[in-house]
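K.L.:
I have a structure here, written as structure tokens, and I will follow up with some questions on it.
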Amino acid sequence: MRHIEVCLTFDFDAESVQVRQKEEQGRVSKGQFAVRRGIPRILALLKKYGIKATFFTCGWVAEKYPELVNKIVDDDHELGAHGYLHEYFDQLSTQEEETVIEKMTTPLLDFSDKIKGFRAPYWQLSPNTLKLVSEAGYIYDSSLFSDDRPYFIPSLNLLEFPVEWFLDDWVIFEIHQHSPTSALDIWKSQFDSFMEIEDISTNRRVFTLTCHPAAIGHVYRLNVLDKLINHMKMNNVTFQKMGDVADQIINE
Ligand SMILES: [Zn+2]
């Protein structure tokens, strides 16, 4: 029977986007839903199933909400880096990128000895970003679309966990406003097909889902994630932190 590793990942942006863009209070409050309701509900759901997951967050968010980040780490989830204030890396100079990478990493190291993973905000990168991230000591990235299995990025000492728009709750719920049935159908169909497909790649089958606490934290949407987890558990899957899978692949 085929085996799939499932990496549930959560991009904990809080209101970083709205603060960087100096938006008005209503829009700021949209990001704050992640703090007040999203993260606590997600942690409870993961605890219910005994699942360990990966939370990518911004340096600024870790500075502003240390109690919440502590809760994430106390529950043995992984912290990954996601910019300082959710920057567009492709719009920064190389020097600015270096500064942001240092600023995003330092606050996270207050919560974890090593931050292994990076995910670019908006999944947008300059030609230099991944080289700089690798030089800063990160061992994996999760921002590219070029495969549906992890692979080593040529010429960089960096493992890639690819992503997809249809495996992103923000796109499904906030942009396309899919119904719960349709969202669950998309995610389940991809999971089932990925489990069944015959292909010659020997790279691990890793199913990566990207969720945002401000989106998935609404109850009808969290119910979709709950149902998806239940469906996955009926198959031969292991839920793992991305950093643990990265360590395993690197040591193989
Ligand atoms: Zn984000």
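Labels used: A, B, ... for chains in the order of the structure tokens, numbers from 1 for residues in each chain, and numbers from 1 for ligands as shown.
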For Ile249 in chain A, find every residue with an atom within 10 Å (counting only C-alpha atoms), except residues of its own chain fewer than 3 positions away, and show them as a ChimeraX atom specification.

P.N.:
/A:150-152,159,203-204,243-246,252

K.L.:
Restricting the output to N, CA and C atoms, write the selected residues as a PDB file, in the first residue's frame.

P.N.:
ATOM      1  N   PRO A 150       8.998  16.755  -3.000  1.00  0.00           N
ATOM      2  CA  PRO A 150      10.184  17.515  -2.609  1.00  0.00           C
ATOM      3  C   PRO A 150      11.373  17.203  -3.505  1.00  0.00           C
ATOM      4  N   TYR A 151      12.213  18.181  -3.728  1.00  0.00           N
ATOM      5  CA  TYR A 151      13.424  17.972  -4.540  1.00  0.00           C
ATOM      6  C   TYR A 151      14.485  18.972  -4.101  1.00  0.00           C
ATOM      7  N   PHE A 152      15.747  18.633  -4.407  1.00  0.00           N
ATOM      8  CA  PHE A 152      16.840  19.556  -4.092  1.00  0.00           C
ATOM      9  C   PHE A 152      16.944  20.594  -5.209  1.00  0.00           C
ATOM     10  N   LEU A 159      16.482  22.184   0.116  1.00  0.00           N
ATOM     11  CA  LEU A 159      15.428  21.271  -0.293  1.00  0.00           C
ATOM     12  C   LEU A 159      14.159  22.084  -0.518  1.00  0.00           C
ATOM     13  N   ASN A 203      11.208  10.217  -5.553  1.00  0.00           N
ATOM     14  CA  ASN A 203      11.087  11.223  -4.494  1.00  0.00           C
ATOM     15  C   ASN A 203       9.836  10.941  -3.656  1.00  0.00           C
ATOM     16  N   ARG A 204       9.923  11.289  -2.403  1.00  0.00           N
ATOM     17  CA  ARG A 204       8.790  10.991  -1.518  1.00  0.00           C
ATOM     18  C   ARG A 204       7.511  11.693  -1.956  1.00  0.00           C
ATOM     19  N   GLY A 243      10.058  20.217   8.674  1.00  0.00           N
ATOM     20  CA  GLY A 243      11.471  20.164   9.055  1.00  0.00           C
ATOM     21  C   GLY A 243      11.932  18.746   9.350  1.00  0.00           C
ATOM     22  N   ASP A 244      11.040  17.916   9.898  1.00  0.00           N
ATOM     23  CA  ASP A 244      11.397  16.518  10.168  1.00  0.00           C
ATOM     24  C   ASP A 244      11.542  15.742   8.860  1.00  0.00           C
ATOM     25  N   VAL A 245      10.619  15.981   7.927  1.00  0.00           N
ATOM     26  CA  VAL A 245      10.726  15.313   6.622  1.00  0.00           C
ATOM     27  C   VAL A 245      12.011  15.764   5.932  1.00  0.00           C
ATOM     28  N   ALA A 246      12.317  17.047   6.033  1.00  0.00           N
ATOM     29  CA  ALA A 246      13.552  17.567   5.423  1.00  0.00           C
ATOM     30  C   ALA A 246      14.773  16.856   5.997  1.00  0.00           C
ATOM     31  N   GLU A 252      19.023  10.659   4.008  1.00  0.00           N
ATOM     32  CA  GLU A 252      18.833   9.390   3.290  1.00  0.00           C
ATOM     33  C   GLU A 252      20.063   9.025   2.468  1.00  0.00           C
TER      34      GLU A 252
END

K.L.:
Taking a cut-off of 12 Å and counting only C-alpha atoms and all ligand atoms, can you build a table that, for each residue of chain A near ligand 1, reports the nearest atom pair and how far apart they are in Å (one decimal), sorted by chain then residue number, as JSON lines?

P.N.:
{"residue": "A:Thr9", "atom": "CA", "partner": "ligand 1", "partner_atom_place_in_ligand_line": "1 (Zn)", "distance": 11.2}
{"residue": "A:Phe10", "atom": "CA", "partner": "ligand 1", "partner_atom_place_in_ligand_line": "1 (Zn)", "distance": 8.8}
{"residue": "A:Asp11", "atom": "CA", "partner": "ligand 1", "partner_atom_place_in_ligand_line": "1 (Zn)", "distance": 5.2}
{"residue": "A:Phe12", "atom": "CA", "partner": "ligand 1", "partner_atom_place_in_ligand_line": "1 (Zn)", "distance": 6.7}
{"residue": "A:Asp13", "atom": "CA", "partner": "ligand 1", "partner_atom_place_in_ligand_line": "1 (Zn)", "distance": 5.1}
{"residue": "A:Ala14", "atom": "CA", "partner": "ligand 1", "partner_atom_place_in_ligand_line": "1 (Zn)", "distance": 8.7}
{"residue": "A:Glu15", "atom": "CA", "partner": "ligand 1", "partner_atom_place_in_ligand_line": "1 (Zn)", "distance": 9.9}
{"residue": "A:Ser16", "atom": "CA", "partner": "ligand 1", "partner_atom_place_in_ligand_line": "1 (Zn)", "distance": 8.6}
{"residue": "A:Val17", "atom": "CA", "partner": "ligand 1", "partner_atom_place_in_ligand_line": "1 (Zn)", "distance": 8.0}
{"residue": "A:Gln18", "atom": "CA", "partner": "ligand 1", "partner_atom_place_in_ligand_line": "1 (Zn)", "distance": 11.3}
{"residue": "A:Gly31", "atom": "CA", "partner": "ligand 1", "partner_atom_place_in_ligand_line": "1 (Zn)", "distance": 10.5}
{"residue": "A:Ala34", "atom": "CA", "partner": "ligand 1", "partner_atom_place_in_ligand_line": "1 (Zn)", "distance": 11.7}
{"residue": "A:Phe55", "atom": "CA", "partner": "ligand 1", "partner_atom_place_in_ligand_line": "1 (Zn)", "distance": 10.5}
{"residue": "A:Phe56", "atom": "CA", "partner": "ligand 1", "partner_atom_place_in_ligand_line": "1 (Zn)", "distance": 7.9}
{"residue": "A:Thr57", "atom": "CA", "partner": "ligand 1", "partner_atom_place_in_ligand_line": "1 (Zn)", "distance": 7.6}
{"residue": "A:Cys58", "atom": "CA", "partner": "ligand 1", "partner_atom_place_in_ligand_line": "1 (Zn)", "distance": 8.2}
{"residue": "A:Gly59", "atom": "CA", "partner": "ligand 1", "partner_atom_place_in_ligand_line": "1 (Zn)", "distance": 11.9}
{"residue": "A:Val61", "atom": "CA", "partner": "ligand 1", "partner_atom_place_in_ligand_line": "1 (Zn)", "distance": 11.1}
{"residue": "A:Gly80", "atom": "CA", "partner": "ligand 1", "partner_atom_place_in_ligand_line": "1 (Zn)", "distance": 11.4}
{"residue": "A:Ala81", "atom": "CA", "partner": "ligand 1", "partner_atom_place_in_ligand_line": "1 (Zn)", "distance": 10.0}
{"residue": "A:His82", "atom": "CA", "partner": "ligand 1", "partner_atom_place_in_ligand_line": "1 (Zn)", "distance": 6.6}
{"residue": "A:Gly83", "atom": "CA", "partner": "ligand 1", "partner_atom_place_in_ligand_line": "1 (Zn)", "distance": 8.4}
{"residue": "A:Tyr84", "atom": "CA", "partner": "ligand 1", "partner_atom_place_in_ligand_line": "1 (Zn)", "distance": 10.6}
{"residue": "A:Leu85", "atom": "CA", "partner": "ligand 1", "partner_atom_place_in_ligand_line": "1 (Zn)", "distance": 9.4}
{"residue": "A:His86", "atom": "CA", "partner": "ligand 1", "partner_atom_place_in_ligand_line": "1 (Zn)", "distance": 6.3}
{"residue": "A:Glu87", "atom": "CA", "partner": "ligand 1", "partner_atom_place_in_ligand_line": "1 (Zn)", "distance": 9.1}
{"residue": "A:Tyr88", "atom": "CA", "partner": "ligand 1", "partner_atom_place_in_ligand_line": "1 (Zn)", "distance": 10.2}
{"residue": "A:Phe118", "atom": "CA", "partner": "ligand 1", "partner_atom_place_in_ligand_line": "1 (Zn)", "distance": 11.2}
{"residue": "A:Arg119", "atom": "CA", "partner": "ligand 1", "partner_atom_place_in_ligand_line": "1 (Zn)", "distance": 8.2}
{"residue": "A:Ala120", "atom": "CA", "partner": "ligand 1", "partner_atom_place_in_ligand_line": "1 (Zn)", "distance": 7.6}
{"residue": "A:Pro121", "atom": "CA", "partner": "ligand 1", "partner_atom_place_in_ligand_line": "1 (Zn)", "distance": 4.6}
{"residue": "A:Tyr122", "atom": "CA", "partner": "ligand 1", "partner_atom_place_in_ligand_line": "1 (Zn)", "distance": 6.0}
{"residue": "A:Trp123", "atom": "CA", "partner": "ligand 1", "partner_atom_place_in_ligand_line": "1 (Zn)", "distance": 8.2}
{"residue": "A:Gln124", "atom": "CA", "partner": "ligand 1", "partner_atom_place_in_ligand_line": "1 (Zn)", "distance": 10.5}
{"residue": "A:Ser142", "atom": "CA", "partner": "ligand 1", "partner_atom_place_in_ligand_line": "1 (Zn)", "distance": 11.8}
{"residue": "A:Ser143", "atom": "CA", "partner": "ligand 1", "partner_atom_place_in_ligand_line": "1 (Zn)", "distance": 10.7}
{"residue": "A:Asp168", "atom": "CA", "partner": "ligand 1", "partner_atom_place_in_ligand_line": "1 (Zn)", "distance": 10.9}
{"residue": "A:Asp169", "atom": "CA", "partner": "ligand 1", "partner_atom_place_in_ligand_line": "1 (Zn)", "distance": 11.6}
{"residue": "A:Trp170", "atom": "CA", "partner": "ligand 1", "partner_atom_place_in_ligand_line": "1 (Zn)", "distance": 9.7}
{"residue": "A:Thr210", "atom": "CA", "partner": "ligand 1", "partner_atom_place_in_ligand_line": "1 (Zn)", "distance": 9.8}
{"residue": "A:Cys211", "atom": "CA", "partner": "ligand 1", "partner_atom_place_in_ligand_line": "1 (Zn)", "distance": 9.4}
{"residue": "A:His212", "atom": "CA", "partner": "ligand 1", "partner_atom_place_in_ligand_line": "1 (Zn)", "distance": 7.5}
{"residue": "A:Pro213", "atom": "CA", "partner": "ligand 1", "partner_atom_place_in_ligand_line": "1 (Zn)", "distance": 10.2}
{"residue": "A:Ala214", "atom": "CA", "partner": "ligand 1", "partner_atom_place_in_ligand_line": "1 (Zn)", "distance": 10.5}
{"residue": "A:Ala215", "atom": "CA", "partner": "ligand 1", "partner_atom_place_in_ligand_line": "1 (Zn)", "distance": 11.5}

K.L.:
So which one's closest to Leu132 in chain A, A:Ile4, A:Val100, A:Ile39, A:Leu108? Using only C-alpha atoms, please.

P.N.:
A:Val100

K.L.:
Just asking: which residues within range 27-158 of chain A are alpha helix (DSSP H) according to DSSP, as JSON, numbers by chain?

P.N.:
{"A": [27, 28, 29, 30, 31, 32, 33, 39, 40, 41, 42, 43, 44, 45, 46, 47, 48, 49, 59, 60, 61, 62, 63, 64, 66, 67, 68, 69, 70, 71, 72, 73, 74, 94, 95, 96, 97, 98, 99, 100, 101, 102, 103, 104, 105, 106, 107, 108, 129, 130, 131, 132, 133, 134, 135]}

K.L.:
Can you pull out every residue within 9 Å of Glu78 in chain A, counting only C-alpha atoms, but drop anything in the same chain fewer than 4 positions away, and send it as a ChimeraX atom specification?

P.N.:
/A:52-56,72-73,112,115-116,241-244

K.L.:
Looking at only C-alpha atoms, which of A:Pro162, A:Pro107, A:Gly137, A:Pro180 is the one that sits closest to Lys64 in chain A?

P.N.:
A:Pro107

K.L.:
Among range 80-202 of chain A, which residues carry a DSSP assignment of strand (DSSP E or B), reported as a tab-separated table (two decimals) with all heavy atoms, in the first residue's frame?

P.N.:
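Contents of part_38.tsv, as written:
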chain	number	residue	atom	x	y	z
A	80	GLY	N	8.53	28.10	11.20
A	80	GLY	CA	9.30	28.44	10.01
A	80	GLY	C	9.24	29.94	9.80
A	80	GLY	O	8.42	30.63	10.41
A	81	ALA	N	10.11	30.45	8.92
A	81	ALA	CA	10.22	31.91	8.73
A	81	ALA	C	9.44	32.36	7.50
A	81	ALA	O	9.38	31.67	6.48
A	81	ALA	CB	11.68	32.29	8.60
A	117	GLY	N	13.12	26.10	8.10
A	117	GLY	CA	12.39	26.33	6.86
A	117	GLY	C	12.01	27.77	6.61
A	117	GLY	O	11.77	28.55	7.54
A	118	PHE	N	11.90	28.11	5.33
A	118	PHE	CA	11.49	29.44	4.88
A	118	PHE	C	10.36	29.30	3.89
A	118	PHE	O	10.35	28.36	3.06
A	118	PHE	CB	12.68	30.14	4.20
A	118	PHE	CG	12.32	31.41	3.48
A	118	PHE	CD1	12.03	32.57	4.18
A	118	PHE	CD2	12.28	31.45	2.08
A	118	PHE	CE1	11.70	33.76	3.51
A	118	PHE	CE2	11.95	32.63	1.41
A	118	PHE	CZ	11.67	33.78	2.13
A	140	TYR	N	15.51	24.20	4.12
A	140	TYR	CA	14.47	23.99	3.10
A	140	TYR	C	13.66	25.26	2.85
A	140	TYR	O	13.62	26.17	3.66
A	140	TYR	CB	13.55	22.82	3.48
A	140	TYR	CG	12.50	23.10	4.54
A	140	TYR	CD1	11.26	23.63	4.21
A	140	TYR	CD2	12.76	22.81	5.88
A	140	TYR	CE1	10.30	23.88	5.18
A	140	TYR	CE2	11.80	23.04	6.85
A	140	TYR	CZ	10.57	23.58	6.51
A	140	TYR	OH	9.63	23.82	7.47
A	141	ASP	N	13.03	25.25	1.66
A	141	ASP	CA	12.13	26.32	1.26
A	141	ASP	C	10.80	25.69	0.87
A	141	ASP	O	10.75	24.52	0.49
A	141	ASP	CB	12.71	27.07	0.04
A	141	ASP	CG	11.69	28.02	-0.56
A	141	ASP	OD1	11.36	29.03	0.10
A	141	ASP	OD2	11.17	27.75	-1.67
A	151	TYR	N	12.21	18.18	-3.73
A	151	TYR	CA	13.42	17.97	-4.54
A	151	TYR	C	14.48	18.97	-4.10
A	151	TYR	O	14.17	20.01	-3.51
A	151	TYR	CB	13.11	18.15	-6.03
A	151	TYR	CG	12.67	19.54	-6.41
A	151	TYR	CD1	13.59	20.48	-6.91
A	151	TYR	CD2	11.34	19.95	-6.25
A	151	TYR	CE1	13.20	21.77	-7.24
A	151	TYR	CE2	10.94	21.24	-6.57
A	151	TYR	CZ	11.87	22.14	-7.07
A	151	TYR	OH	11.47	23.42	-7.37
A	152	PHE	N	15.75	18.63	-4.41
A	152	PHE	CA	16.84	19.56	-4.09
A	152	PHE	C	16.94	20.59	-5.21
A	152	PHE	O	16.95	20.24	-6.39
A	152	PHE	CB	18.16	18.80	-3.93
A	152	PHE	CG	18.24	18.05	-2.63
A	152	PHE	CD1	17.99	16.69	-2.57
A	152	PHE	CD2	18.53	18.72	-1.44
A	152	PHE	CE1	18.03	16.00	-1.37
A	152	PHE	CE2	18.57	18.04	-0.23
A	152	PHE	CZ	18.32	16.68	-0.19
A	159	LEU	N	16.48	22.18	0.12
A	159	LEU	CA	15.43	21.27	-0.29
A	159	LEU	C	14.16	22.08	-0.52
A	159	LEU	O	13.88	23.01	0.24
A	159	LEU	CB	15.22	20.25	0.83
A	159	LEU	CG	14.27	19.09	0.59
A	159	LEU	CD1	14.77	18.19	-0.53
A	159	LEU	CD2	14.12	18.28	1.88
A	160	GLU	N	13.41	21.74	-1.56
A	160	GLU	CA	12.17	22.46	-1.86
A	160	GLU	C	10.95	21.58	-1.59
A	160	GLU	O	10.89	20.44	-2.05
A	160	GLU	CB	12.17	22.92	-3.33
A	160	GLU	CG	10.87	23.57	-3.79
A	160	GLU	CD	10.57	24.88	-3.06
A	160	GLU	OE1	11.52	25.57	-2.66
A	160	GLU	OE2	9.37	25.19	-2.89
A	168	ASP	N	-4.24	25.88	-1.25
A	168	ASP	CA	-4.09	27.06	-0.39
A	168	ASP	C	-5.48	27.55	-0.01
A	168	ASP	O	-6.29	27.88	-0.89
A	168	ASP	CB	-3.32	28.14	-1.16
A	168	ASP	CG	-3.13	29.42	-0.36
A	168	ASP	OD1	-4.01	29.75	0.48
A	168	ASP	OD2	-2.12	30.10	-0.58

K.L.:
Hey, can you check how far CA of Phe239 in chain A sits from CA of Leu8 in chain A?

P.N.:
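Going from CA of Phe239 in chain A over to CA of Leu8 in chain A covers 7.5 Å.
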
K.L.:
Counting only C-alpha atoms, figure out which residue out of A:Ser179, A:Ser155, A:Gln25, A:Asn70 gets nearest to Asp110 in chain A.

P.N.:
A:Asn70

K.L.:
Can you tell me how far CA of Leu156 in chain A sits from CA of Lys131 in chain A, in Å to one decimal?

P.N.:
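CA of Lys131 in chain A lies 6.6 Å from CA of Leu156 in chain A.
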